[in-house]
file run33.txt (compact mmCIF, C-alpha atoms)
# COMPACT_ATOMS: atom_id res chain seq x y z
CA MET A 1 -8.57 -28.03 15.71
CA SER A 2 -6.09 -27.78 18.61
CA SER A 3 -6.05 -24.75 20.90
CA PRO A 4 -4.66 -21.74 19.01
CA SER A 5 -1.40 -20.08 20.00
CA PRO A 6 -1.44 -16.37 20.98
CA ALA A 7 -0.46 -15.43 17.41
CA GLU A 8 -3.17 -17.66 15.94
CA SER A 9 -5.73 -16.25 18.38
CA TYR A 10 -4.95 -12.75 17.13
CA LEU A 11 -5.16 -13.83 13.48
CA LEU A 12 -8.49 -15.56 14.09
CA ASP A 13 -9.87 -12.40 15.67
CA PHE A 14 -8.51 -10.22 12.85
CA HIS A 15 -10.15 -12.36 10.19
CA ARG A 16 -13.38 -12.53 12.16
CA ARG A 17 -13.51 -8.73 12.02
CA LEU A 18 -12.13 -8.35 8.49
CA ALA A 19 -13.04 -11.49 6.57
CA GLY A 20 -12.07 -11.15 2.92
CA VAL A 21 -9.73 -8.21 3.48
CA THR A 22 -6.74 -9.80 1.70
CA SER A 23 -8.54 -10.39 -1.58
CA ARG A 24 -10.15 -6.95 -1.41
CA GLU A 25 -6.73 -5.34 -1.13
CA PHE A 26 -4.78 -7.48 -3.58
CA GLY A 27 -7.30 -9.20 -5.87
CA GLY A 28 -7.21 -6.32 -8.34
CA ALA A 29 -3.70 -4.97 -7.67
CA PRO A 30 -1.31 -5.37 -10.64
CA VAL A 31 2.05 -6.95 -9.83
CA LEU A 32 5.45 -6.57 -11.48
CA ARG A 33 7.62 -9.69 -11.83
CA ASP A 34 10.80 -9.79 -13.90
CA GLY A 35 9.76 -6.66 -15.77
CA GLU A 36 6.36 -8.06 -16.74
CA VAL A 37 3.04 -6.88 -15.32
CA PHE A 38 0.48 -9.47 -14.18
CA PRO A 39 -3.13 -8.85 -13.07
CA SER A 40 -2.49 -9.77 -9.43
CA THR A 41 -0.55 -11.99 -7.06
CA TYR A 42 -3.54 -14.33 -7.10
CA ALA A 43 -3.22 -14.58 -10.88
CA LEU A 44 0.44 -15.58 -10.50
CA LEU A 45 -0.57 -18.48 -8.29
CA GLU A 46 -3.48 -19.47 -10.52
CA ALA A 47 -1.03 -19.65 -13.43
CA ALA A 48 1.14 -22.11 -11.47
CA VAL A 49 -1.53 -24.79 -11.99
CA PRO A 50 -1.15 -26.57 -15.35
CA LYS A 51 -4.11 -26.14 -17.71
CA GLU A 52 -3.95 -29.57 -19.30
CA ASP A 53 -7.04 -31.72 -18.74
CA GLY A 54 -6.75 -34.77 -16.53
CA PRO A 55 -7.02 -35.66 -12.84
CA ARG A 56 -5.32 -33.02 -10.72
CA VAL A 57 -5.81 -32.05 -7.07
CA VAL A 58 -4.98 -28.49 -6.01
CA LEU A 59 -4.77 -27.43 -2.36
CA ASP A 60 -5.03 -23.75 -1.39
CA LEU A 61 -3.40 -23.50 2.03
CA ALA A 62 -4.92 -20.70 4.14
CA CYS A 63 -7.51 -20.19 1.41
CA GLY A 64 -9.26 -17.31 3.18
CA ASP A 65 -12.43 -16.22 1.41
CA GLY A 66 -11.82 -18.54 -1.55
CA TYR A 67 -10.75 -15.89 -4.07
CA LEU A 68 -7.91 -17.97 -5.55
CA LEU A 69 -10.04 -21.12 -5.63
CA GLU A 70 -12.69 -19.18 -7.52
CA LEU A 71 -10.14 -18.16 -10.17
CA LEU A 72 -9.31 -21.84 -10.64
CA ALA A 73 -12.97 -22.92 -10.61
CA ARG A 74 -13.74 -20.49 -13.44
CA ARG A 75 -11.54 -22.55 -15.75
CA ASN A 76 -14.14 -25.35 -15.79
CA GLN A 77 -11.13 -27.60 -16.32
CA PRO A 78 -11.98 -31.31 -16.58
CA GLY A 79 -10.41 -33.35 -13.78
CA LEU A 80 -9.46 -30.36 -11.63
CA ALA A 81 -10.35 -31.01 -7.96
CA LEU A 82 -10.05 -28.01 -5.64
CA VAL A 83 -9.41 -28.18 -1.89
CA GLY A 84 -9.10 -25.29 0.55
CA LEU A 85 -8.01 -25.15 4.18
CA ASP A 86 -8.15 -22.23 6.61
CA MET A 87 -8.17 -21.71 10.39
CA SER A 88 -10.88 -19.08 10.22
CA GLU A 89 -14.48 -20.23 10.14
CA HIS A 90 -15.45 -16.65 9.25
CA GLU A 91 -13.26 -16.67 6.13
CA LEU A 92 -14.54 -20.13 5.22
CA ALA A 93 -18.15 -18.94 5.50
CA VAL A 94 -17.38 -16.33 2.84
CA ALA A 95 -15.57 -18.96 0.76
CA ARG A 96 -18.53 -21.34 0.88
CA ALA A 97 -20.87 -18.66 -0.39
CA ARG A 98 -18.40 -17.62 -3.09
CA LEU A 99 -17.61 -21.11 -4.34
CA ASN A 100 -21.05 -22.71 -4.06
CA GLY A 101 -19.65 -26.23 -3.85
CA ALA A 102 -16.84 -25.82 -6.40
CA ALA A 103 -14.21 -26.78 -3.79
CA THR A 104 -13.92 -29.01 -0.74
CA LEU A 105 -13.24 -26.77 2.25
CA HIS A 106 -11.69 -27.73 5.59
CA GLN A 107 -11.26 -25.78 8.81
CA GLY A 108 -7.89 -26.60 10.32
CA ARG A 109 -4.22 -25.78 10.75
CA ALA A 110 -1.55 -26.07 8.08
CA GLN A 111 0.62 -27.95 10.60
CA SER A 112 -1.76 -30.92 10.45
CA LEU A 113 -3.37 -31.32 7.05
CA PRO A 114 -6.46 -33.56 6.83
CA LEU A 115 -5.22 -35.11 3.57
CA ALA A 116 -3.59 -38.39 2.62
CA GLU A 117 0.08 -38.76 1.80
CA ALA A 118 0.98 -38.09 -1.85
CA SER A 119 -2.58 -37.06 -2.70
CA VAL A 120 -2.05 -33.50 -4.00
CA ASP A 121 -0.59 -32.30 -7.31
CA VAL A 122 -0.24 -28.58 -6.51
CA VAL A 123 -0.10 -26.68 -3.19
CA LEU A 124 -0.72 -22.93 -3.34
CA SER A 125 -0.69 -20.31 -0.59
CA HIS A 126 -1.23 -16.54 -0.72
CA LEU A 127 0.32 -14.24 1.92
CA ALA A 128 0.03 -16.77 4.71
CA LEU A 129 3.21 -18.83 5.10
CA MET A 130 5.09 -15.92 6.73
CA LEU A 131 2.39 -15.74 9.45
CA MET A 132 2.34 -19.40 10.43
CA ASP A 133 3.67 -21.00 13.61
CA ASP A 134 6.09 -23.92 13.22
CA VAL A 135 6.79 -23.19 9.57
CA GLU A 136 9.07 -26.20 9.24
CA THR A 137 6.16 -28.44 10.25
CA VAL A 138 3.98 -26.70 7.67
CA LEU A 139 6.53 -27.36 4.94
CA ALA A 140 6.88 -30.98 6.06
CA GLU A 141 3.10 -31.36 5.78
CA MET A 142 3.20 -29.86 2.28
CA GLN A 143 5.82 -32.44 1.34
CA ARG A 144 3.80 -35.25 2.89
CA VAL A 145 0.64 -34.53 0.93
CA LEU A 146 2.39 -33.63 -2.33
CA LYS A 147 2.94 -36.27 -4.97
CA PRO A 148 6.67 -36.83 -5.68
CA THR A 149 6.45 -34.71 -8.83
CA GLY A 150 4.02 -32.21 -7.33
CA ARG A 151 4.48 -28.44 -7.27
CA VAL A 152 4.22 -25.81 -4.57
CA SER A 153 3.90 -22.08 -5.22
CA VAL A 154 3.47 -19.49 -2.47
CA VAL A 155 3.40 -15.70 -2.27
CA VAL A 156 4.92 -14.20 0.87
CA GLY A 157 5.98 -10.77 2.06
CA GLY A 158 9.22 -9.42 0.62
CA ASP A 159 11.68 -6.55 0.68
CA LEU A 160 10.73 -2.94 1.20
CA VAL A 161 10.47 -0.87 -1.99
CA ARG A 162 12.49 2.23 -1.17
CA GLY A 163 11.45 5.83 -1.72
CA GLU A 164 7.72 5.22 -1.66
CA ALA A 165 4.83 5.68 0.75
CA PHE A 166 5.20 2.32 2.46
CA GLU A 167 8.70 3.26 3.61
CA VAL A 168 7.29 6.49 5.08
CA TYR A 169 4.60 4.48 6.85
CA LEU A 170 7.10 2.05 8.41
CA GLY A 171 9.28 4.91 9.63
CA LEU A 172 6.30 6.42 11.45
CA LEU A 173 5.01 3.07 12.70
CA LYS A 174 8.13 1.78 14.47
CA PRO A 175 8.30 4.36 17.30
CA LEU A 176 4.56 4.00 17.91
CA LEU A 177 4.85 0.23 18.23
CA ALA A 178 7.83 0.63 20.58
CA ALA A 179 5.84 3.01 22.78
CA GLU A 180 2.79 0.75 23.15
CA ALA A 181 2.13 -0.54 26.66
CA ARG A 182 1.87 -4.12 25.39
CA VAL A 183 4.30 -5.39 22.78
CA PRO A 184 2.38 -7.10 19.93
CA VAL A 185 2.81 -10.88 19.68
CA PRO A 186 5.26 -11.77 16.87
CA LEU A 187 3.64 -13.36 13.84
CA GLY A 188 5.36 -16.18 11.99
CA ASP A 189 9.01 -17.00 11.37
CA ALA A 190 11.46 -14.27 10.32
CA ARG A 191 13.20 -16.69 7.95
CA VAL A 192 10.23 -16.55 5.59
CA ARG A 193 10.96 -12.84 5.08
CA SER A 194 14.41 -13.27 3.47
CA VAL A 195 15.76 -15.05 0.40
CA GLU A 196 18.38 -16.79 2.52
CA GLY A 197 15.80 -17.99 5.01
CA LEU A 198 13.44 -19.21 2.30
CA THR A 199 16.26 -21.06 0.55
CA GLY A 200 17.04 -22.90 3.76
CA LEU A 201 13.43 -23.66 4.62
CA PHE A 202 12.70 -25.03 1.14
CA GLY A 203 15.85 -27.17 1.15
CA GLY A 204 13.74 -30.34 1.18
CA PHE A 205 12.21 -29.45 -2.19
CA THR A 206 13.81 -29.46 -5.64
CA HIS A 207 13.97 -26.79 -8.36
CA VAL A 208 13.33 -23.97 -5.90
CA ASP A 209 12.74 -20.64 -7.66
CA ILE A 210 12.36 -17.35 -5.75
CA ARG A 211 11.12 -14.27 -7.61
CA ARG A 212 10.86 -10.68 -6.40
CA LEU A 213 7.45 -9.04 -6.79
CA GLU A 214 6.26 -5.43 -6.60
CA VAL A 215 2.54 -5.04 -6.09
CA GLN A 216 1.04 -1.76 -7.30
CA GLY A 217 -0.72 0.11 -4.49
CA ASP A 218 -0.71 3.68 -5.80
CA ALA A 219 -3.62 5.69 -4.43
CA THR A 220 -4.52 8.99 -2.85
CA PRO A 221 -3.00 9.43 0.63
CA GLU A 222 -6.41 8.79 2.21
CA HIS A 223 -7.02 5.59 0.24
CA ALA A 224 -3.43 4.43 0.84
CA TRP A 225 -4.05 4.84 4.54
CA GLU A 226 -7.23 2.76 4.31
CA SER A 227 -5.12 -0.11 2.95
CA LEU A 228 -2.34 0.35 5.48
CA SER A 229 -4.79 0.54 8.37
CA THR A 230 -5.78 -3.08 7.71
CA THR A 231 -2.23 -4.40 8.02
CA TYR A 232 -1.57 -6.48 11.11
CA ASP A 233 0.84 -3.94 12.63
CA ALA A 234 -1.52 -0.98 12.33
CA ASP A 235 -4.47 -3.08 13.48
CA ARG A 236 -2.68 -3.94 16.73
CA LEU A 237 -2.00 -0.32 17.69
CA SER A 238 -4.13 1.35 20.32
CA THR A 239 -6.92 3.58 19.03
CA ALA A 240 -4.99 6.73 19.94
CA ALA A 241 -1.77 5.52 18.33
CA ARG A 242 -3.59 4.52 15.15
CA ALA A 243 -5.21 7.97 14.90
CA SER A 244 -1.82 9.59 15.43
CA LEU A 245 -0.27 7.39 12.75
CA LYS A 246 -2.99 8.26 10.24
CA HIS A 247 -2.53 12.00 10.79
CA ALA A 248 1.26 11.79 10.55
CA PHE A 249 1.17 9.56 7.46
CA VAL A 250 -1.22 11.72 5.44
CA GLN A 251 0.94 14.77 6.17
CA ALA A 252 4.28 13.04 5.59
CA VAL A 253 3.41 11.66 2.13
CA GLU A 254 2.08 14.96 0.80
CA PRO A 255 5.42 15.72 -0.95
CA LEU A 256 5.01 12.43 -2.86
CA ARG A 257 1.62 13.41 -4.29
CA ARG A 258 1.51 13.45 -8.11
CA THR A 259 -0.54 15.72 -10.32
CA ASP A 260 -3.31 13.09 -10.44
CA GLY A 261 -3.55 13.14 -6.64
CA THR A 262 -1.97 9.72 -6.06
CA ILE A 263 1.18 8.76 -4.21
CA PRO A 264 3.55 5.93 -5.20
CA MET A 265 3.17 2.84 -3.03
CA ARG A 266 4.49 -0.62 -3.82
CA TRP A 267 4.19 -3.73 -1.67
CA GLY A 268 7.33 -5.84 -1.84
CA MET A 269 6.56 -9.57 -2.02
CA ARG A 270 8.14 -12.82 -3.22
CA GLN A 271 6.86 -15.85 -5.09
CA VAL A 272 8.49 -19.15 -4.20
CA THR A 273 7.89 -22.08 -6.53
CA ALA A 274 9.33 -25.56 -6.10
CA THR A 275 8.78 -28.71 -8.11
CA GLY A 276 8.90 -32.15 -6.57
CA ARG A 277 10.34 -33.40 -3.29
CA ARG A 278 13.99 -34.09 -2.52
CA ARG A 279 14.61 -37.79 -2.09
CA THR A 280 15.51 -38.82 1.45
CA GLU A 281 16.31 -42.48 0.82

call {"tool": "encode", "arguments": {"input": "run33.txt", "output": "structure tokens"}}
result
Amino acid sequence: MSSPSPAESYLLDFHRRLAGVTSREFGGAPVLRDGEVFPSTYALLEAAVPKEDGPRVVLDLACGDGYLLELLARRNQPGLALVGLDMSEHELAVARARLNGAATLHQGRAQSLPLAEASVDVVLSHLALMLMDDVETVLAEMQRVLKPTGRVSVVVGGDLVRGEAFEVYLGLLKPLLAAEARVPVPLGDARVRSVEGLTGLFGGFTHVDIRRLEVQGDATPEHAWESLSTTYDADRLSTAARASLKHAFVQAVEPLRRTDGTIPMRWGMRQVTATGRRRTE
């Protein structure tokens, strides 16, 4: 693997310290899409893979600890070949133990996939595309390895859900980030965080479908903070700033507390699904 960029170096360190954190936070979190509730964002991606028997190669891009690949492996579907790729050797170590040989795992970057042209039927990716350097190169690599009629489905960050605890958190976070002695390195491409940007980036694909998601994160203020403290922004605060943010957040969300002790918190995300590749001839 080539030398990591500053953003990649941070992400590698984060996932060394917190391997498996993404699936722990979102593997059991229900998600609302088009008025229907699904078990999780991982389940939405798992459902994007057809269940008909027959040869089919599925690539999980930035597979992390292998949670999504495990969902697919549990099908015991004849002909289903699973492949995962991730930068983090620490995440892959967890994935190897979880999957016990049920998938072929590679350490590497999404900008240079170790796979042959037109060799993959489905490319999946969970909460990773919006963090990647050179996202246009990543999408070009997806197109290269996808079969002409192949499918891609990714979950990325989305719009803020107003009036809930996450909005309170962001309001408290911004001045603390601005006051830090060292400005955190930007992660990913801002275009991945808007419908307009995603539409442009996925212009080389056909049948592009973008759906708004709301992931359920309701919890007590203390447990909500535990989740928020493992976000990249909070993680990159100084120790003093993070302690200040925790204290301010727990106090600020108290008016939102329900009779059961929880506060409303939704994570806004999007699912982008595209079928096939646009012809360039």

call {"tool": "atom_distance", "arguments": {"input": "run33.txt", "atom1": "atom CA of Gly204 of chain A", "atom2": "atom CA of Gln143 of chain A"}}
result
8.2 Å

call {"tool": "closest_residue", "arguments": {"input": "run33.txt", "among": "A:Gln271, A:Gly276, A:Val185, A:Arg258", "to": "Leu237 of chain A", "atoms": "only C-alpha atoms"}}
result
A:Val185

call {"tool": "closest_atom_pairs", "arguments": {"input": "run33.txt", "of": "segment 93-164 of chain A", "to": "segment 68-78 of chain A", "cutoff": "8 Å", "atoms": "only C-alpha atoms", "output": "Markdown table"}}
result
| residue | atom | partner | partner_atom | distance |
| --- | --- | --- | --- | --- |
| A:Arg98 | CA | A:Glu70 | CA | 7.4 |
| A:Leu99 | CA | A:Glu70 | CA | 6.2 |
| A:Ala102 | CA | A:Ala73 | CA | 6.4 |
| A:Ala103 | CA | A:Leu69 | CA | 7.3 |

call {"tool": "residues_around", "arguments": {"input": "run33.txt", "residues": "Gly197 of chain A", "least_positions_apart": "3", "cutoff": "12 Å", "atoms": "all atoms listed in the file", "output": "list of chain:residue names"}}
result
A:Met130, A:Val135, A:Glu136, A:Gly158, A:Asp189, A:Ala190, A:Arg191, A:Val192, A:Arg193, A:Ser194, A:Gly200, A:Leu201, A:Phe202, A:Gly203, A:Ile210, A:Val272

call {"tool": "atom_distance", "arguments": {"input": "run33.txt", "atom1": "atom CA of Leu59 of chain A", "atom2": "atom CA of His90 of chain A"}}
result
19.1 Å
